[in-house]
Amino acid sequence: MAALGPLSRLAGLGCINRSRLMLNRVLQKRGIASCIDPSHGLTDEQKEFQKVAFDFAANEMAPNMAEWDQKEIFPVETMRKAAQLGFGGIYVRPDVGGSGLSRLDTSIIFEALSTGCVSTTAYISIHNMCAWMIDTFGNTNQREKYCPDLCSMERFASYCLTEPGSGSDAASLLTSAQQKGDHYVLNGSKAFISGGGDTDVYVVMCRTGGKGSKGISCLVVEKGTPGLSFGKKEKKVGWNSQPTRAVIFEDCAVPVTNRLGEEGQGFSIAMKGLNGGRINIASCSLGAAHASVLLARDHLLVRKQFGETLANSQFLQFKLAEMATKLVAARLLVREAATALQENRPDAVSICSMAKLFVTDECFNTKRGISRCFSTSLVTEQVCNQALQMHGGYGYLKDYAVQQFVRDIRVHQILEGTNEVMRMIISRNLLTEL
């Protein structure tokens with residue numbers, strides 16, 4: 001990956017073109033300061049696919065990031081190019097078209113891709129999670145039917161857990177699936193579904209039994225199934241390169257053969273998927289923070305005030321040092337969590353929650369002023385917001401990529417389990433192990 005180029009504004013170009021060119025310069029040049037080099041500690045093989053991901057981010061994603069955001073384009077063909085590199089099923093087994101890489105490898109790839117576009121990479125991470133769930137919990141027929149097309153991204157997948165009335169309390173979901181002969185009949189709706197309406201395969205958590213988590217099962221529902229429909233496309237602050245809609249089931253008949261695992265296993269499947277999803281989202285935040293540190297550094301080197309560059313301000317030097325330190329600390333925690341999950345360690349769930357919490361929390365606390373928020377917030381939200389602050393008024397313009405990183409990572413504190421739920425998981429682990 002790449003050190004930043006100059007970030008002077010380019011007169012005479014449209015907003016999208018200026019943003020595109022500036023971020024390209026950031027990602028194309030080589031020579032990262034050694035203290036934040038994301039390749040430290042990696043094997044030669046990991047460095048190779050990290051480079052492939054960084055190059056793809058610089059050449060295929062960054063040039064289009066602003067346009068995808070402003071025009072709300074779902075970049076299907078670009079994602080299929082990513083799949084040709086093995087990024088459509090990174091931790092899916094090779095016998096059904098996956099790359100068969102580890103959770104740590106996956107984190108390395110998603111961090112690199114996110115430097116080119118957080119929103120698109122985040123969707124790719126959700127798609128990967130769905131493919132992994134089918135690969136891991138599906139039978140041979142299900143794996144062979146769905147995984148090859150998902151790994152090639154000829155078909156796209158969405159994860160359907162959240163409902164209008166059940167967000168953090170996922171076990172209270174109401175979408176029902178009543179078995180009638182060789183089909184389940186689904187009724188209910190899912191909210192905030194990434195890719196909803198544009199994707200082809202929906203991994204749906206639904207209630208086949210009684211109340212609570214034990215009554216939940218997991219079904220694969222294909223687009224075009226009678227009774228499946230979608231709500232309006234949501235207008236969002238960020239994540240605009242992926243559509244978000246409600247997914248609605250009205251007497252939607254799904255074959256029993258589309259159930260993953262046994263009846264009542266769905267909640268367990270959902271939570272195991274989310275453990276990896278939390279690492280993936282944290283990794284996407286790392287990519288945004290890494291790019292933002294470099295953007296801020298370059299801006300300090302070229303922007304002059306009071307007769308000298310901002311880089312000569314000791315206050316800003318210290319802020320940049322703090323940003324770099326938090327970035328590296330966050331990266332180490334995410335990689336430790338990825339290793340714990342891969343090894344199925346007893347602390348994996350808590351460490352994954354810690355990684356997601358630490359990396360994504362908590363700058364947008366509305367009770368704090370902006371300056372105090374910077375001093376108390378954690379890692380990527382703080383890093384990206386501080387980078388925007390260092391840009392001054394320019395950072396608030398869509399000509400500059402830093403504002404898009406800020407908007408795209410804000411939702412990371414909410415999805416894959418809110419950060420309040422992460423605190424619950426961690427504290428519960430501490431208090432029950434006494």
# chains A, B, ... in the order shown; residues from 1 in each chain; ligands from 1
>>> residues_around(residues="Lys356 (chain A)", least_positions_apart="4", cutoff="12 Å", atoms="only C-alpha atoms", output="VMD selection string")
chain A and resid 274 to 286 330 to 331 333 to 338 349 to 352 360 to 362 378 to 381 409 412 to 423 425 to 426
>>> residues_around(residues="Lys223 (chain A)", least_positions_apart="4", cutoff="9 Å", atoms="only C-alpha atoms", output="VMD selection string")
chain A and resid 197 to 202 228 to 229
>>> atom_distance(atom1="CA of Ala253 (chain A)", atom2="CA of Ser217 (chain A)")
15.0 Å
>>> closest_residue(among="A:Met153, A:Val221, A:Ala288, A:Met424", to="Arg407 (chain A)", atoms="only C-alpha atoms")
A:Ala288
>>> closest_atom_pairs(of="region 89-182 of chain A", to="region 57-75 of chain A", cutoff="6 Å", atoms="only C-alpha atoms", output="CSV")
residue,atom,partner,partner_atom,distance
A:Leu113,CA,A:Ala57,CA,5.0
A:Gly116,CA,A:Ala62,CA,4.2
A:Cys117,CA,A:Met65,CA,5.6
>>> closest_residue(among="A:Phe249, A:Phe137, A:Phe56, A:Tyr184", to="Gly273 (chain A)", atoms="only C-alpha atoms")
A:Phe137
>>> closest_residue(among="A:Pro38, A:Lys272, A:Lys233, A:Ala387", to="Leu341 (chain A)", atoms="only C-alpha atoms")
A:Lys272
>>> atom_distance(atom1="CA of Asn240 (chain A)", atom2="CA of Gln404 (chain A)")
10.0 Å
>>> closest_residue(among="A:Thr432, A:Asn258, A:Asn344, A:Ser158", to="Leu219 (chain A)", atoms="only C-alpha atoms")
A:Asn258
>>> select_by_dssp(residues="region 75-190 of chain A", states="alpha helix (DSSP H)", output="ChimeraX atom specification")
/A:76-84,103-114,118-137,140-151
>>> decode(residues="region 241-257 of chain A", atoms="N, CA, C and O atoms", output="CSV table (one decimal), in the first residue's frame")
chain,number,residue,atom,x,y,z
A,241,SER,N,-22.7,2.6,-1.7
A,241,SER,CA,-22.5,1.7,-2.9
A,241,SER,C,-23.1,0.4,-2.7
A,241,SER,O,-22.9,-0.5,-3.6
A,242,GLN,N,-23.9,0.2,-1.7
A,242,GLN,CA,-24.7,-1.0,-1.5
A,242,GLN,C,-26.1,-0.7,-1.1
A,242,GLN,O,-26.3,0.1,-0.2
A,243,PRO,N,-27.1,-1.2,-1.8
A,243,PRO,CA,-28.5,-0.9,-1.5
A,243,PRO,C,-28.9,-1.5,-0.2
A,243,PRO,O,-28.4,-2.6,0.2
A,244,THR,N,-29.8,-0.9,0.5
A,244,THR,CA,-30.4,-1.4,1.7
A,244,THR,C,-31.9,-1.3,1.6
A,244,THR,O,-32.4,-0.2,1.4
A,245,ARG,N,-32.5,-2.4,1.8
A,245,ARG,CA,-34.0,-2.5,1.8
A,245,ARG,C,-34.5,-3.4,2.8
A,245,ARG,O,-33.8,-4.3,3.3
A,246,ALA,N,-35.8,-3.3,3.1
A,246,ALA,CA,-36.5,-4.3,3.9
A,246,ALA,C,-36.8,-5.5,3.0
A,246,ALA,O,-37.0,-5.4,1.7
A,247,VAL,N,-36.7,-6.7,3.5
A,247,VAL,CA,-37.0,-8.0,2.8
A,247,VAL,C,-38.3,-8.5,3.4
A,247,VAL,O,-38.4,-8.7,4.6
A,248,ILE,N,-39.3,-8.7,2.6
A,248,ILE,CA,-40.7,-9.0,3.1
A,248,ILE,C,-41.1,-10.4,2.6
A,248,ILE,O,-40.9,-10.7,1.4
A,249,PHE,N,-41.7,-11.2,3.5
A,249,PHE,CA,-42.2,-12.5,3.2
A,249,PHE,C,-43.7,-12.5,3.4
A,249,PHE,O,-44.1,-12.3,4.5
A,250,GLU,N,-44.4,-12.9,2.4
A,250,GLU,CA,-45.9,-13.0,2.5
A,250,GLU,C,-46.3,-14.3,1.9
A,250,GLU,O,-46.3,-14.5,0.7
A,251,ASP,N,-46.5,-15.3,2.8
A,251,ASP,CA,-46.8,-16.7,2.3
A,251,ASP,C,-45.8,-17.1,1.3
A,251,ASP,O,-46.1,-17.7,0.2
A,252,CYS,N,-44.6,-17.0,1.7
A,252,CYS,CA,-43.4,-17.3,0.8
A,252,CYS,C,-43.0,-18.7,1.0
A,252,CYS,O,-42.6,-19.1,2.1
A,253,ALA,N,-43.3,-19.6,0.1
A,253,ALA,CA,-43.0,-21.0,0.2
A,253,ALA,C,-41.6,-21.4,-0.2
A,253,ALA,O,-41.1,-21.2,-1.3
A,254,VAL,N,-40.8,-21.9,0.8
A,254,VAL,CA,-39.4,-22.3,0.6
A,254,VAL,C,-39.3,-23.8,0.9
A,254,VAL,O,-39.7,-24.3,1.9
A,255,PRO,N,-38.6,-24.5,0.0
A,255,PRO,CA,-38.4,-26.0,0.2
A,255,PRO,C,-37.7,-26.3,1.5
A,255,PRO,O,-36.8,-25.6,1.9
A,256,VAL,N,-38.2,-27.3,2.2
A,256,VAL,CA,-37.5,-27.8,3.4
A,256,VAL,C,-36.1,-28.1,3.1
A,256,VAL,O,-35.2,-27.9,4.0
A,257,THR,N,-35.8,-28.5,1.9
A,257,THR,CA,-34.4,-28.8,1.6
A,257,THR,C,-33.5,-27.6,1.6
A,257,THR,O,-32.2,-27.7,1.5
